[in-house]
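Right, one structure below, let's go through it.
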Amino acid sequence: MVGWRCVMPREMVETVTGPIAASELGFTLSHEHVIVGFPGVKQTYPELMDWEGIESGGIEMLSEARAEGLGTIMDATPFELGRDVEMLRRVSEGSGVNIVASTGTYVDIPRLIWFTHPDRMAAVYVREITEGIEGTGIKAGMIKVADNNYELSDAEVMVLRAASRASNETGIPITTHTQPLNKVGEPQWRIFAEEGVDPARVCIGHSSDATDFEYLANLAREGVFLGMDELPGHQLNEPWRDKAAMVMRLLDAGFERNLMLSHDWSVKRHPDDSWGASEEKHRQVNPDGYAFVGRRFLPYLREMAVGEEAITLMTVDNPRRFLTGE
């Protein structure tokens with residue numbers, strides 16, 4: 001393990017409409033999606049998704065959440081999930097919600113890069129951070145990586161090292177997808193630490209689905225953020241109050257500066273998805289969409305005597321610190 005790299009905090013944050021002052025982020029959701037697809041679907045199989053419906057739905061749903069206080073979402077959609085940053089820009093402009101786009105690589109690592117050197121992959125991420133994505137000039141404001149299993153493949157390790165090196169070079173933070181029941185955050189953090197990544201520039205995602213308090217507490221002790229970002233979840237009648245109980249337990253243990261909240265939500269405008277969920281079921285799971293945290297989750301925390309200082313940390317201050325490195 002090497003020492004943490006010292007990268008100066010940034011006063012500006014890149015969004016799909018351009019850089020904004022960190023003070024303009026406001027209430028921020030740490031892990032969302034507008035689109036969930038796959039690479040090239042819009043160009044090759046456009047009939048599989050209702051693109052106009054996704055765009056209009058994104059504007060409608062985010063506008064609704066903005067009216068209730070939402071300022072910014074971090075869109076954790078890299079290339080492998082069908083990223084369309086020009087659509088994100090239109091959705092941001094139409095809704096008034098800031099959107100931070102992602103570079104990085106999802107769980108389905110393309111065969112082409114399985115044996116790529118981490119430095120070469122890092123250079124790709126750096127280009128999308130410093131020059132822009134796919135010739136649009138829209139720059140990534142965070143790096144997304146994803147793993148499902150505790151035992152990482154060589155390709156997965158390569159991606160984590162590439163993300164680490166890109167983060168160390170640019171100061172852009174890393175957000176992760178995990179299967180928390182497999183405690184995937186542990187090997188992810190181990191690689192990041194070996195590469196000298198500042199833990200304050202790492203968010204271990206989907207931590208709200210973890211049931212092992214010590215797993216989360218040990219990660220928080222390392223200094224990383226925990227993305228409590230599967231709220232309410234992706235299945236009908238998920239026990240989101242159990243997730244709230246874990247948030248409260250972490251708060252009681254003194255980890256209020258390590259927590260961020262979100263939904264991992266998306267606009268659904270196609271017949272089915274990889275979970276076999278219809279659009280109707282998608283709406284039944286979470287009728288509130290991007291407004292659930294503000295409309296349901298936070299009022300419940302307040303009922304359980306969670307104070308406003310902790311709520312502001314989780315929804316405003318911690319996301320700002322994550323994005324800027326302050």
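We label chains A, B, ... in the order they appear in the structure tokens, count residues from 1 in each chain, and number ligands from 1 in the order shown.
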
Residue neighbourhood Pro118 in chain A, 9 Å, only C-alpha atoms, exclusion window fewer than 4 positions, as a ChimeraX atom specification: /A:122-123,157-163,165

Write the selection just made, keeping N, CA and C atoms, as a short mmCIF file (atom, residue, chain, number, x, y, z; two decimals), in the first residue's frame?
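Contents of the output file out_28.cif:
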```cif
data_model
loop_
_atom_site.label_atom_id
_atom_site.label_comp_id
_atom_site.auth_asym_id
_atom_site.auth_seq_id
_atom_site.Cartn_x
_atom_site.Cartn_y
_atom_site.Cartn_z
N ALA A 122 -6.76 4.02 -17.89
CA ALA A 122 -6.84 5.26 -17.12
C ALA A 122 -6.81 6.47 -18.05
N ALA A 123 -6.00 6.39 -19.10
CA ALA A 123 -5.91 7.50 -20.04
C ALA A 123 -7.24 7.76 -20.74
N VAL A 157 -9.76 -6.19 -11.64
CA VAL A 157 -8.66 -5.52 -10.94
C VAL A 157 -8.07 -4.44 -11.83
N MET A 158 -7.91 -4.74 -13.12
CA MET A 158 -7.37 -3.75 -14.05
C MET A 158 -8.24 -2.49 -14.06
N VAL A 159 -9.56 -2.66 -14.12
CA VAL A 159 -10.47 -1.51 -14.15
C VAL A 159 -10.36 -0.70 -12.85
N LEU A 160 -10.29 -1.38 -11.72
CA LEU A 160 -10.16 -0.67 -10.44
C LEU A 160 -8.86 0.11 -10.37
N ARG A 161 -7.78 -0.48 -10.87
CA ARG A 161 -6.50 0.24 -10.87
C ARG A 161 -6.54 1.41 -11.85
N ALA A 162 -7.17 1.21 -12.99
CA ALA A 162 -7.29 2.30 -13.95
C ALA A 162 -8.10 3.46 -13.37
N ALA A 163 -9.21 3.13 -12.73
CA ALA A 163 -10.03 4.17 -12.10
C ALA A 163 -9.24 4.90 -11.02
N ARG A 165 -5.99 5.35 -10.83
CA ARG A 165 -4.96 6.21 -11.42
C ARG A 165 -5.57 7.44 -12.07
#
```

May I have the residues within 6 Å of range 59-68 of chain A as a PDB file with C-alpha atoms, in the first residue's frame, using only C-alpha atoms and disregarding those fewer than 3 positions away in the same chain?
```
ATOM      1  CA  SER A  56     -39.671  13.396 -21.406  1.00  0.00           C
ATOM      2  CA  VAL A  91     -32.988  16.436 -19.357  1.00  0.00           C
ATOM      3  CA  GLY A  94     -35.568  20.762 -19.120  1.00  0.00           C
ATOM      4  CA  SER A  95     -35.830  19.897 -15.432  1.00  0.00           C
ATOM      5  CA  TYR A 290     -36.431  10.480  -7.621  1.00  0.00           C
ATOM      6  CA  ALA A 291     -38.545  12.128  -4.898  1.00  0.00           C
TER       7      ALA A 291
END
```

Run DSSP on the backbone and grab whatever in range 29-185 of chain A lands in helix (DSSP H, G or I); send it over as a PyMOL selection string. chain A and resi 41-44+46-48+51-67+79-81+85-95+111-113+118-130+154-170+180-182+185

Exercise: Ala245 in chain A partners within 12 Å, only C-alpha atoms, chain neighbours under 3 positions left out, as an NGL selection string: :A and (208-211 or 213 or 228 or 239-242 or 248-252 or 297 or 300-301 or 304-306)

Go ahead and write the selection's residues with C-alpha atoms as an mmCIF file, in the first residue's frame.
```
data_model
loop_
_atom_site.group_PDB
_atom_site.id
_atom_site.type_symbol
_atom_site.label_atom_id
_atom_site.label_comp_id
_atom_site.auth_asym_id
_atom_site.auth_seq_id
_atom_site.Cartn_x
_atom_site.Cartn_y
_atom_site.Cartn_z
ATOM 1 C CA SER A 208 -27.995 0.200 1.946
ATOM 2 C CA ASP A 209 -28.597 -3.446 0.982
ATOM 3 C CA ALA A 210 -25.944 -4.682 3.420
ATOM 4 C CA THR A 211 -27.151 -6.454 6.539
ATOM 5 C CA PHE A 213 -23.138 -3.637 10.331
ATOM 6 C CA MET A 228 -27.043 4.164 1.006
ATOM 7 C CA PRO A 239 -38.292 -3.385 3.700
ATOM 8 C CA TRP A 240 -36.896 0.121 3.312
ATOM 9 C CA ARG A 241 -37.466 0.850 6.985
ATOM 10 C CA ASP A 242 -34.864 -1.841 7.711
ATOM 11 C CA MET A 248 -29.634 5.239 11.995
ATOM 12 C CA ARG A 249 -27.283 2.653 13.478
ATOM 13 C CA LEU A 250 -24.413 4.077 11.440
ATOM 14 C CA LEU A 251 -25.354 7.592 12.529
ATOM 15 C CA ASP A 252 -25.421 6.503 16.158
ATOM 16 C CA PHE A 297 -37.288 8.426 3.675
ATOM 17 C CA TYR A 300 -39.305 8.766 8.488
ATOM 18 C CA LEU A 301 -35.804 9.496 9.782
ATOM 19 C CA MET A 304 -37.159 8.458 14.436
ATOM 20 C CA ALA A 305 -35.471 11.564 15.920
ATOM 21 C CA VAL A 306 -32.662 11.934 13.373
#
```

Neighbour list for Asn237 in chain A as a PyMOL selection string, cut-off 12 Å, only C-alpha atoms, skip fewer than 2 positions in-chain: chain A and resi 231-235+239-242+281-282+284-287

List every residue of range 201-283 of chain A that has an atom at most 7 Å from any atom of range 172-180 of chain A, and for each one report the closest atom pair and its distance in Å to one decimal, counting only C-alpha atoms, with rows sorted by chain and then by increasing residue number, as a tab-separated table.
```
residue	atom	partner	partner_atom	distance
A:Arg201	CA	A:Pro173	CA	4.5
A:Val202	CA	A:Ile174	CA	4.9
A:Cys203	CA	A:Thr175	CA	4.7
A:Ile204	CA	A:Thr176	CA	5.2
A:Gly205	CA	A:Thr176	CA	4.9
A:His206	CA	A:Thr178	CA	6.1
A:Ser207	CA	A:Pro180	CA	5.9
A:Asp209	CA	A:Pro180	CA	6.2
A:Ala210	CA	A:Pro180	CA	5.0
```

Save out the residues we just selected, C-alpha atoms, as a compact mmCIF listing (two decimals), in the first residue's frame.
```txt
# COMPACT_ATOMS: atom_id res chain seq x y z
CA ARG A 201 -12.78 10.24 -3.03
CA VAL A 202 -14.42 6.79 -2.89
CA CYS A 203 -18.07 5.85 -2.45
CA ILE A 204 -18.86 2.16 -1.96
CA GLY A 205 -22.25 1.85 -3.61
CA HIS A 206 -25.44 -0.05 -2.78
CA SER A 207 -24.38 -0.25 0.85
CA ASP A 209 -28.60 -3.45 0.98
CA ALA A 210 -25.94 -4.68 3.42
```

Name all residues at most 7 Å from Thr324 in chain A (count only C-alpha atoms; drop same-chain ones fewer than 2 positions away) and give them as number ranges by chain. A: 9-11, 13, 320-322, 326

Those residues you just picked out, can you put them in a file as a PDB file, in the first residue's frame with N, CA and C atoms?
```
ATOM      1  N   PRO A   9      -8.469  20.153  -3.574  1.00  0.00           N
ATOM      2  CA  PRO A   9      -9.918  20.239  -3.744  1.00  0.00           C
ATOM      3  C   PRO A   9     -10.276  21.181  -4.891  1.00  0.00           C
ATOM      4  N   ARG A  10     -11.459  20.960  -5.452  1.00  0.00           N
ATOM      5  CA  ARG A  10     -11.919  21.779  -6.562  1.00  0.00           C
ATOM      6  C   ARG A  10     -13.088  22.651  -6.113  1.00  0.00           C
ATOM      7  N   GLU A  11     -13.133  23.855  -6.606  1.00  0.00           N
ATOM      8  CA  GLU A  11     -14.241  24.749  -6.285  1.00  0.00           C
ATOM      9  C   GLU A  11     -15.395  24.579  -7.262  1.00  0.00           C
ATOM     10  N   VAL A  13     -17.598  21.965 -10.074  1.00  0.00           N
ATOM     11  CA  VAL A  13     -17.983  20.583 -10.356  1.00  0.00           C
ATOM     12  C   VAL A  13     -18.496  20.513 -11.781  1.00  0.00           C
ATOM     13  N   ARG A 320     -21.265  17.085  -1.639  1.00  0.00           N
ATOM     14  CA  ARG A 320     -20.378  18.162  -2.099  1.00  0.00           C
ATOM     15  C   ARG A 320     -18.923  17.820  -1.804  1.00  0.00           C
ATOM     16  N   ARG A 321     -18.643  17.331  -0.596  1.00  0.00           N
ATOM     17  CA  ARG A 321     -17.273  16.950  -0.245  1.00  0.00           C
ATOM     18  C   ARG A 321     -16.770  15.831  -1.150  1.00  0.00           C
ATOM     19  N   PHE A 322     -17.626  14.866  -1.454  1.00  0.00           N
ATOM     20  CA  PHE A 322     -17.248  13.760  -2.334  1.00  0.00           C
ATOM     21  C   PHE A 322     -16.865  14.265  -3.718  1.00  0.00           C
ATOM     22  N   GLU A 326     -13.100  18.403  -0.854  1.00  0.00           N
ATOM     23  CA  GLU A 326     -12.824  19.408   0.194  1.00  0.00           C
ATOM     24  C   GLU A 326     -12.593  18.760   1.551  1.00  0.00           C
TER      25      GLU A 326
END
```

Report, in Å with one decimal, the straight-line distance from CA of Asp147 in chain A to CA of Val107 in chain A.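 Between CA of Asp147 in chain A and CA of Val107 in chain A the gap is 5.6 Å.
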
Please report, as an MDAnalysis selection string, each residue of range 84-234 of chain A to which DSSP assigns strand (DSSP E or B) when run on this structure's backbone. chainID A and resid 98:100 102:104 142:146 174:177 202:204 225:228

I need the chosen residues saved as a short mmCIF file (atom, residue, chain, number, x, y, z; two decimals), in the first residue's frame, with N, CA and C atoms.
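Output contents, as saved in selection37.cif:
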```
data_model
loop_
_atom_site.label_atom_id
_atom_site.label_comp_id
_atom_site.auth_asym_id
_atom_site.auth_seq_id
_atom_site.Cartn_x
_atom_site.Cartn_y
_atom_site.Cartn_z
N ASN A 98 -29.25 19.70 -11.79
CA ASN A 98 -27.88 19.46 -12.23
C ASN A 98 -27.64 17.95 -12.35
N ILE A 99 -26.92 17.53 -13.39
CA ILE A 99 -26.59 16.11 -13.56
C ILE A 99 -25.09 15.98 -13.76
N VAL A 100 -24.47 15.17 -12.92
CA VAL A 100 -23.05 14.86 -13.04
C VAL A 100 -22.92 13.54 -13.78
N SER A 102 -20.81 10.27 -15.78
CA SER A 102 -19.75 9.34 -15.37
C SER A 102 -18.94 8.82 -16.54
N THR A 103 -17.64 8.69 -16.32
CA THR A 103 -16.80 7.80 -17.12
C THR A 103 -16.69 6.50 -16.34
N GLY A 104 -15.87 5.55 -16.82
CA GLY A 104 -15.68 4.31 -16.09
C GLY A 104 -16.19 3.10 -16.85
N MET A 142 -17.38 12.14 -12.42
CA MET A 142 -17.01 11.04 -11.53
C MET A 142 -16.71 9.80 -12.36
N ILE A 143 -16.12 8.81 -11.69
CA ILE A 143 -15.72 7.55 -12.33
C ILE A 143 -16.55 6.43 -11.71
N LYS A 144 -17.20 5.63 -12.55
CA LYS A 144 -18.04 4.52 -12.08
C LYS A 144 -17.34 3.20 -12.37
N VAL A 145 -17.27 2.33 -11.36
CA VAL A 145 -16.77 0.97 -11.53
C VAL A 145 -17.75 0.03 -10.86
N ALA A 146 -17.66 -1.27 -11.19
CA ALA A 146 -18.69 -2.19 -10.71
C ALA A 146 -18.16 -3.61 -10.59
N ILE A 174 -14.47 8.38 -7.28
CA ILE A 174 -14.87 7.06 -7.79
C ILE A 174 -16.12 6.60 -7.04
N THR A 175 -17.13 6.19 -7.77
CA THR A 175 -18.31 5.58 -7.17
C THR A 175 -18.42 4.15 -7.66
N THR A 176 -18.88 3.24 -6.81
CA THR A 176 -18.89 1.84 -7.18
C THR A 176 -20.28 1.22 -7.10
N HIS A 177 -20.45 0.19 -7.92
CA HIS A 177 -21.56 -0.76 -7.80
C HIS A 177 -21.02 -1.97 -7.07
N VAL A 202 -13.84 8.09 -2.56
CA VAL A 202 -14.42 6.79 -2.89
C VAL A 202 -15.78 6.66 -2.23
N CYS A 203 -16.76 6.21 -3.00
CA CYS A 203 -18.07 5.85 -2.45
C CYS A 203 -18.35 4.40 -2.79
N ILE A 204 -18.52 3.56 -1.77
CA ILE A 204 -18.86 2.16 -1.96
C ILE A 204 -20.38 2.07 -2.09
N PHE A 225 -16.86 6.88 1.69
CA PHE A 225 -18.29 7.12 1.78
C PHE A 225 -19.03 5.81 1.56
N LEU A 226 -20.19 5.69 2.18
CA LEU A 226 -21.09 4.56 1.98
C LEU A 226 -22.32 5.08 1.24
N GLY A 227 -22.56 4.55 0.05
CA GLY A 227 -23.74 4.94 -0.71
C GLY A 227 -24.95 4.15 -0.23
N MET A 228 -25.79 4.79 0.57
CA MET A 228 -27.04 4.16 1.01
C MET A 228 -28.06 4.52 -0.07
#
```

Which residue gives the smallest distance to Leu29 in chain A among A:Gly71, A:Val126, A:Glu156, A:Glu309, with only C-alpha atoms counted?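 Among A:Gly71, A:Val126, A:Glu156, A:Glu309, it is A:Gly71 that comes nearest to Leu29 in chain A.
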
Record the distance separating CA of Leu88 in chain A and CA of Lys42 in chain A, expressed in Å with one decimal.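 Distance reported for this atom pair: 14.1 Å.
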
Selection: 10 Å around Pro187 in chain A, only C-alpha atoms, excl. self and same-chain fewer than 2 positions, as a JSON list (two decimals) with N, CA and C atoms, in the first residue's frame:
```json
[["chain", "number", "residue", "atom", "x", "y", "z"],
["A", 147, "ASP", "N", -18.49, -4.25, -9.47],
["A", 147, "ASP", "CA", -18.10, -5.64, -9.23],
["A", 147, "ASP", "C", -19.20, -6.32, -8.43],
["A", 149, "ASN", "N", -18.64, -9.85, -7.27],
["A", 149, "ASN", "CA", -18.09, -10.97, -6.51],
["A", 149, "ASN", "C", -16.88, -10.55, -5.69],
["A", 150, "TYR", "N", -16.72, -11.20, -4.54],
["A", 150, "TYR", "CA", -15.59, -10.88, -3.66],
["A", 150, "TYR", "C", -14.27, -11.18, -4.35],
["A", 151, "GLU", "N", -14.20, -12.32, -5.04],
["A", 151, "GLU", "CA", -12.99, -12.68, -5.78],
["A", 151, "GLU", "C", -13.01, -11.95, -7.11],
["A", 152, "LEU", "N", -12.11, -11.01, -7.29],
["A", 152, "LEU", "CA", -12.09, -10.18, -8.49],
["A", 152, "LEU", "C", -11.31, -10.85, -9.60],
["A", 157, "VAL", "N", -9.76, -6.19, -11.64],
["A", 157, "VAL", "CA", -8.66, -5.52, -10.94],
["A", 157, "VAL", "C", -8.07, -4.44, -11.83],
["A", 160, "LEU", "N", -10.29, -1.38, -11.72],
["A", 160, "LEU", "CA", -10.16, -0.67, -10.44],
["A", 160, "LEU", "C", -8.86, 0.11, -10.37],
["A", 183, "LYS", "N", -19.96, -8.58, 0.28],
["A", 183, "LYS", "CA", -18.94, -7.72, 0.89],
["A", 183, "LYS", "C", -17.90, -7.26, -0.13],
["A", 184, "VAL", "N", -18.39, -6.90, -1.31],
["A", 184, "VAL", "CA", -17.50, -6.55, -2.42],
["A", 184, "VAL", "C", -16.75, -5.25, -2.16],
["A", 185, "GLY", "N", -17.28, -4.41, -1.30],
["A", 185, "GLY", "CA", -16.57, -3.17, -0.99],
["A", 185, "GLY", "C", -15.19, -3.40, -0.41],
["A", 189, "TRP", "N", -11.99, -1.56, -2.01],
["A", 189, "TRP", "CA", -11.19, -0.61, -1.25],
["A", 189, "TRP", "C", -9.74, -1.06, -1.16],
["A", 190, "ARG", "N", -9.49, -2.35, -1.07],
["A", 190, "ARG", "CA", -8.11, -2.84, -0.99],
["A", 190, "ARG", "C", -7.31, -2.40, -2.21],
["A", 191, "ILE", "N", -7.91, -2.52, -3.41],
["A", 191, "ILE", "CA", -7.21, -2.09, -4.63],
["A", 191, "ILE", "C", -7.04, -0.58, -4.63],
["A", 192, "PHE", "N", -8.08, 0.16, -4.28],
["A", 192, "PHE", "CA", -7.96, 1.62, -4.24],
["A", 192, "PHE", "C", -6.86, 2.04, -3.28],
["A", 193, "ALA", "N", -6.80, 1.40, -2.12],
["A", 193, "ALA", "CA", -5.78, 1.75, -1.12],
["A", 193, "ALA", "C", -4.38, 1.43, -1.64]]
```

Straight-line distance linking CA of Asp108 in chain A with CA of Ile35 in chain A, stated in Å to one decimal: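 So the two atoms, CA of Asp108 in chain A and CA of Ile35 in chain A, lie 16.5 Å apart.
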
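Distance annotation: of A:Ile54, A:Leu313, A:Val293, A:Leu181, the residue with the minimal separation from Asp212 in chain A is A:Leu181; atom set is only C-alpha atoms.
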